[in-house]
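S.K.: To start, I am sharing the structure in question, which I have written as C-alpha coordinates.
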Amino acid sequence: MKKKYIAIIAIGIFLIWAGSAAAIYRWVGDDDRGTFGDMFGAVNALFSGFAFAGLIYTIAVQRQELSLQREATEMQTEELKLQREETARSADQLEDQKNLLNLQTAMGIVNDLIQTKNRRAEEIQYYLNGEYYTGYNGIFRMLTHDQYLGGVKPTENSYFIQSYLNTFFFILDFIAGYKLQNDQKDLLDNLLNMNMTDDEVMLIYMAVEQNQQRLIMLKVHGFYPRHQKITGQTVKLS
(Lines give C-alpha, C1' and ligand atoms only; values in the text may rest on other atoms or scores of the structure.)
Protein backbone atom coordinates (compact mmCIF):
# COMPACT_ATOMS: atom_id res chain seq x y z
CA MET A 1 0.00 0.00 0.00
CA LYS A 2 2.83 2.43 0.78
CA LYS A 3 4.38 1.92 -2.69
CA LYS A 4 1.01 2.70 -4.27
CA TYR A 5 0.69 5.98 -2.34
CA ILE A 6 4.25 6.97 -3.22
CA ALA A 7 3.58 6.30 -6.91
CA ILE A 8 0.39 8.40 -6.82
CA ILE A 9 2.19 11.30 -5.11
CA ALA A 10 5.05 11.13 -7.61
CA ILE A 11 2.63 11.18 -10.55
CA GLY A 12 0.73 14.08 -8.96
CA ILE A 13 3.95 16.10 -8.53
CA PHE A 14 4.97 15.37 -12.13
CA LEU A 15 1.56 16.47 -13.40
CA ILE A 16 1.73 19.70 -11.38
CA TRP A 17 5.22 20.37 -12.71
CA ALA A 18 4.20 19.65 -16.28
CA GLY A 19 1.01 21.73 -15.89
CA SER A 20 2.89 24.69 -14.47
CA ALA A 21 5.38 24.55 -17.34
CA ALA A 22 2.54 24.50 -19.88
CA ALA A 23 0.76 27.37 -18.10
CA ILE A 24 3.91 29.50 -18.06
CA TYR A 25 4.56 28.77 -21.70
CA ARG A 26 0.97 29.67 -22.61
CA TRP A 27 0.19 32.71 -20.46
CA VAL A 28 3.58 34.28 -19.65
CA GLY A 29 5.40 36.20 -22.33
CA ASP A 30 8.94 35.53 -23.36
CA ASP A 31 10.23 38.72 -21.75
CA ASP A 32 8.60 38.05 -18.42
CA ARG A 33 9.44 34.38 -18.06
CA GLY A 34 12.85 35.02 -16.42
CA THR A 35 11.35 37.36 -13.85
CA PHE A 36 8.46 34.99 -13.28
CA GLY A 37 10.87 32.08 -12.78
CA ASP A 38 12.85 33.98 -10.18
CA MET A 39 9.68 34.21 -8.10
CA PHE A 40 9.87 30.47 -7.54
CA GLY A 41 13.31 30.70 -5.87
CA ALA A 42 11.64 31.22 -2.49
CA VAL A 43 9.34 28.30 -3.23
CA ASN A 44 12.37 26.13 -3.97
CA ALA A 45 13.92 27.18 -0.68
CA LEU A 46 10.62 26.37 1.08
CA PHE A 47 10.46 22.90 -0.44
CA SER A 48 14.14 22.36 0.34
CA GLY A 49 13.36 23.26 3.94
CA PHE A 50 10.44 20.85 3.91
CA ALA A 51 12.71 18.14 2.49
CA PHE A 52 15.30 18.77 5.18
CA ALA A 53 12.59 18.74 7.85
CA GLY A 54 11.31 15.46 6.40
CA LEU A 55 14.81 14.07 6.58
CA ILE A 56 15.13 15.11 10.23
CA TYR A 57 11.72 13.56 10.95
CA THR A 58 12.72 10.34 9.22
CA ILE A 59 15.93 10.16 11.27
CA ALA A 60 13.95 10.76 14.49
CA VAL A 61 11.46 8.04 13.57
CA GLN A 62 14.29 5.65 12.78
CA ARG A 63 15.95 6.43 16.12
CA GLN A 64 12.66 5.73 17.89
CA GLU A 65 12.27 2.45 15.99
CA LEU A 66 15.86 1.48 16.84
CA SER A 67 15.14 2.26 20.50
CA LEU A 68 12.03 0.10 20.40
CA GLN A 69 14.01 -2.68 18.71
CA ARG A 70 16.70 -2.41 21.40
CA GLU A 71 14.06 -2.67 24.14
CA ALA A 72 12.52 -5.68 22.38
CA THR A 73 15.96 -7.29 22.11
CA GLU A 74 16.60 -6.68 25.81
CA MET A 75 13.21 -8.19 26.66
CA GLN A 76 13.99 -11.23 24.50
CA THR A 77 17.40 -11.55 26.16
CA GLU A 78 15.79 -11.41 29.60
CA GLU A 79 13.18 -13.95 28.52
CA LEU A 80 15.91 -16.28 27.24
CA LYS A 81 17.73 -15.86 30.54
CA LEU A 82 14.58 -16.80 32.46
CA GLN A 83 14.06 -19.77 30.16
CA ARG A 84 17.64 -20.94 30.80
CA GLU A 85 17.13 -20.61 34.55
CA GLU A 86 13.86 -22.53 34.32
CA THR A 87 15.55 -25.20 32.21
CA ALA A 88 18.34 -25.45 34.79
CA ARG A 89 15.77 -25.79 37.60
CA SER A 90 13.92 -28.46 35.63
CA ALA A 91 17.20 -30.31 35.06
CA ASP A 92 17.96 -30.15 38.80
CA GLN A 93 14.48 -31.44 39.61
CA LEU A 94 14.89 -34.28 37.13
CA GLU A 95 18.28 -35.12 38.65
CA ASP A 96 16.77 -35.11 42.15
CA GLN A 97 13.94 -37.38 40.95
CA LYS A 98 16.49 -39.69 39.33
CA ASN A 99 18.55 -39.83 42.53
CA LEU A 100 15.42 -40.51 44.60
CA LEU A 101 14.35 -43.29 42.22
CA ASN A 102 17.85 -44.81 42.38
CA LEU A 103 17.73 -44.68 46.18
CA GLN A 104 14.30 -46.32 46.31
CA THR A 105 15.46 -49.06 43.93
CA ALA A 106 18.67 -49.64 45.88
CA MET A 107 16.82 -49.63 49.20
CA GLY A 108 14.42 -52.28 47.92
CA ILE A 109 17.31 -54.46 46.77
CA VAL A 110 19.20 -54.01 50.04
CA ASN A 111 16.09 -54.92 52.02
CA ASP A 112 15.77 -58.13 50.01
CA LEU A 113 19.46 -58.90 50.53
CA ILE A 114 19.10 -58.30 54.27
CA GLN A 115 16.30 -60.84 54.37
CA THR A 116 18.56 -63.28 52.54
CA LYS A 117 21.33 -62.55 55.02
CA ASN A 118 18.97 -63.24 57.91
CA ARG A 119 17.94 -66.56 56.39
CA ARG A 120 21.61 -67.48 56.01
CA ALA A 121 22.11 -66.65 59.68
CA GLU A 122 19.20 -68.88 60.67
CA GLU A 123 20.66 -71.72 58.60
CA ILE A 124 23.99 -71.66 60.47
CA GLN A 125 24.79 -74.90 62.32
CA TYR A 126 27.58 -74.95 64.88
CA TYR A 127 28.79 -78.17 66.52
CA LEU A 128 29.79 -77.98 70.16
CA ASN A 129 30.10 -80.70 72.81
CA GLY A 130 28.35 -83.28 70.67
CA GLU A 131 25.43 -81.03 69.84
CA TYR A 132 24.48 -78.76 66.91
CA TYR A 133 23.39 -75.22 67.66
CA THR A 134 21.53 -73.42 64.88
CA GLY A 135 20.77 -69.85 63.90
CA TYR A 136 21.54 -67.00 66.25
CA ASN A 137 22.04 -69.43 69.11
CA GLY A 138 24.82 -70.99 67.06
CA ILE A 139 26.37 -67.55 66.49
CA PHE A 140 26.34 -66.93 70.23
CA ARG A 141 28.04 -70.28 70.85
CA MET A 142 30.74 -69.45 68.30
CA LEU A 143 31.61 -66.28 70.17
CA THR A 144 32.09 -68.29 73.37
CA HIS A 145 33.72 -71.32 71.72
CA ASP A 146 35.58 -73.68 74.01
CA GLN A 147 38.15 -75.89 72.34
CA TYR A 148 38.04 -78.31 75.26
CA LEU A 149 34.36 -78.89 74.54
CA GLY A 150 34.99 -79.45 70.85
CA GLY A 151 34.35 -75.86 69.81
CA VAL A 152 36.08 -74.42 66.74
CA LYS A 153 36.96 -70.75 66.39
CA PRO A 154 35.12 -69.45 63.32
CA THR A 155 37.13 -68.02 60.42
CA GLU A 156 36.08 -66.77 57.00
CA ASN A 157 37.02 -70.22 55.65
CA SER A 158 34.75 -72.05 58.08
CA TYR A 159 32.19 -73.92 55.98
CA PHE A 160 29.35 -73.31 58.45
CA ILE A 161 29.45 -69.49 58.02
CA GLN A 162 30.81 -69.06 54.48
CA SER A 163 27.38 -68.59 52.91
CA TYR A 164 26.45 -66.04 55.59
CA LEU A 165 29.71 -64.07 55.19
CA ASN A 166 29.49 -64.09 51.40
CA THR A 167 25.97 -62.69 51.54
CA PHE A 168 26.95 -59.98 54.02
CA PHE A 169 29.96 -58.78 52.05
CA PHE A 170 27.97 -58.96 48.82
CA ILE A 171 25.62 -56.39 50.37
CA LEU A 172 28.58 -54.14 51.17
CA ASP A 173 29.90 -54.50 47.61
CA PHE A 174 26.46 -53.68 46.21
CA ILE A 175 26.15 -50.48 48.29
CA ALA A 176 29.67 -49.38 47.37
CA GLY A 177 29.19 -50.00 43.64
CA TYR A 178 25.67 -48.68 43.15
CA LYS A 179 25.38 -45.21 41.58
CA LEU A 180 24.27 -43.19 44.59
CA GLN A 181 25.34 -40.05 46.39
CA ASN A 182 27.51 -40.52 49.47
CA ASP A 183 24.77 -39.55 51.92
CA GLN A 184 22.44 -42.07 50.24
CA LYS A 185 25.08 -44.79 50.59
CA ASP A 186 25.42 -43.86 54.27
CA LEU A 187 21.66 -44.30 54.61
CA LEU A 188 21.88 -47.84 53.19
CA ASP A 189 24.84 -48.62 55.46
CA ASN A 190 22.77 -47.51 58.44
CA LEU A 191 19.86 -49.65 57.23
CA LEU A 192 22.11 -52.71 57.13
CA ASN A 193 23.65 -51.85 60.51
CA MET A 194 20.20 -51.58 62.08
CA ASN A 195 19.40 -55.10 60.87
CA MET A 196 22.52 -56.61 62.47
CA THR A 197 22.71 -57.99 66.00
CA ASP A 198 25.74 -57.32 68.17
CA ASP A 199 26.60 -61.01 67.99
CA GLU A 200 26.63 -60.84 64.19
CA VAL A 201 29.02 -57.89 64.21
CA MET A 202 31.33 -59.64 66.66
CA LEU A 203 31.21 -62.87 64.60
CA ILE A 204 32.10 -61.08 61.38
CA TYR A 205 35.06 -59.27 62.95
CA MET A 206 36.24 -62.52 64.53
CA ALA A 207 35.98 -64.41 61.24
CA VAL A 208 37.82 -61.82 59.07
CA GLU A 209 40.39 -60.61 61.60
CA GLN A 210 43.21 -61.75 59.28
CA ASN A 211 41.71 -60.22 56.14
CA GLN A 212 42.76 -56.56 55.98
CA GLN A 213 40.70 -55.83 52.88
CA ARG A 214 37.48 -56.91 54.54
CA LEU A 215 38.38 -55.12 57.75
CA ILE A 216 38.76 -51.92 55.72
CA MET A 217 35.39 -52.55 54.09
CA LEU A 218 33.78 -52.87 57.51
CA LYS A 219 35.35 -49.59 58.59
CA VAL A 220 34.30 -47.76 55.41
CA HIS A 221 30.69 -48.88 55.87
CA GLY A 222 30.56 -47.68 59.47
CA PHE A 223 30.81 -50.92 61.48
CA TYR A 224 34.09 -50.14 63.22
CA PRO A 225 32.65 -47.74 65.86
CA ARG A 226 29.95 -50.26 66.74
CA HIS A 227 32.48 -53.06 67.07
CA GLN A 228 34.64 -50.90 69.30
CA LYS A 229 31.64 -50.08 71.44
CA ILE A 230 30.60 -53.72 71.75
CA THR A 231 34.18 -54.75 72.55
CA GLY A 232 34.40 -52.09 75.25
CA GLN A 233 31.15 -53.24 76.82
CA THR A 234 32.39 -56.84 76.76
CA VAL A 235 35.62 -55.88 78.52
CA LYS A 236 33.71 -54.02 81.22
CA LEU A 237 31.36 -56.96 81.81
CA SER A 238 34.28 -59.37 82.12
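We name chains A, B, ... following the order of the C-alpha coordinates; residues begin at 1 in each chain, and ligands are numbered from 1 as shown.
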Excluding same-chain residues fewer than 6 positions from A:Gln115, what lies within 10 Å of it counting only C-alpha atoms, as an MDAnalysis selection string?
M.R.: chainID A and resid 109 121 195
S.K.: Show which residues sit within 8 Å of stretch 84-100 of chain A, as a list in words. Count only C-alpha atoms, and ignore same-chain residues fewer than 4 positions away.
M.R.: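 Selected residues are Leu80, Gln104, Leu180 and Gln181 of chain A.
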S.K.: Give me every alpha helix (DSSP H) residue in stretch 42-202 of chain A, going by DSSP on the backbone, as a ChimeraX atom specification.
M.R.: /A:42-122,135-143,159-177,182-194,198-202
S.K.: Restricting the calculation to only C-alpha atoms: of A:Asn111, A:Met202, A:Gln125, A:Leu165, which residue gets closest to A:Gly232?
M.R.: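 Comparing A:Asn111, A:Met202, A:Gln125, A:Leu165 against A:Gly232, the winner is A:Met202.
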S.K.: To one decimal place, how far is atom CA of A:Ile204 from atom CA of A:Glu156 in Å?
M.R.: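 Atom-to-atom, atom CA of A:Ile204 and atom CA of A:Glu156 are spaced 8.2 Å apart.
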S.K.: Please, what distance in Å, to one decimal, runs between atom CA of A:Asn193 and atom CA of A:Ile139?
M.R.: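 For atom CA of A:Asn193 relative to atom CA of A:Ile139, the distance reads 17.0 Å.
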S.K.: Could you give me, as a list in words, the residues within 8 Å of A:Arg141, counting only C-alpha atoms and dropping anything in the same chain fewer than 5 positions from it?
M.R.: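 Neighbouring residues, sequence-local ones excluded: Tyr126, Leu128 and Tyr133 of chain A.
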S.K.: What lies within 10 Å of A:Gln210 using only C-alpha atoms, ignoring chain neighbours under 5 positions off, as a PyMOL selection string?
M.R.: chain A and resi 155-156+205+215
S.K.: Nearest residue to A:Leu172 out of A:Val220, A:Leu143, A:Met194, A:Ala207, using only C-alpha atoms?
M.R.: A:Val220
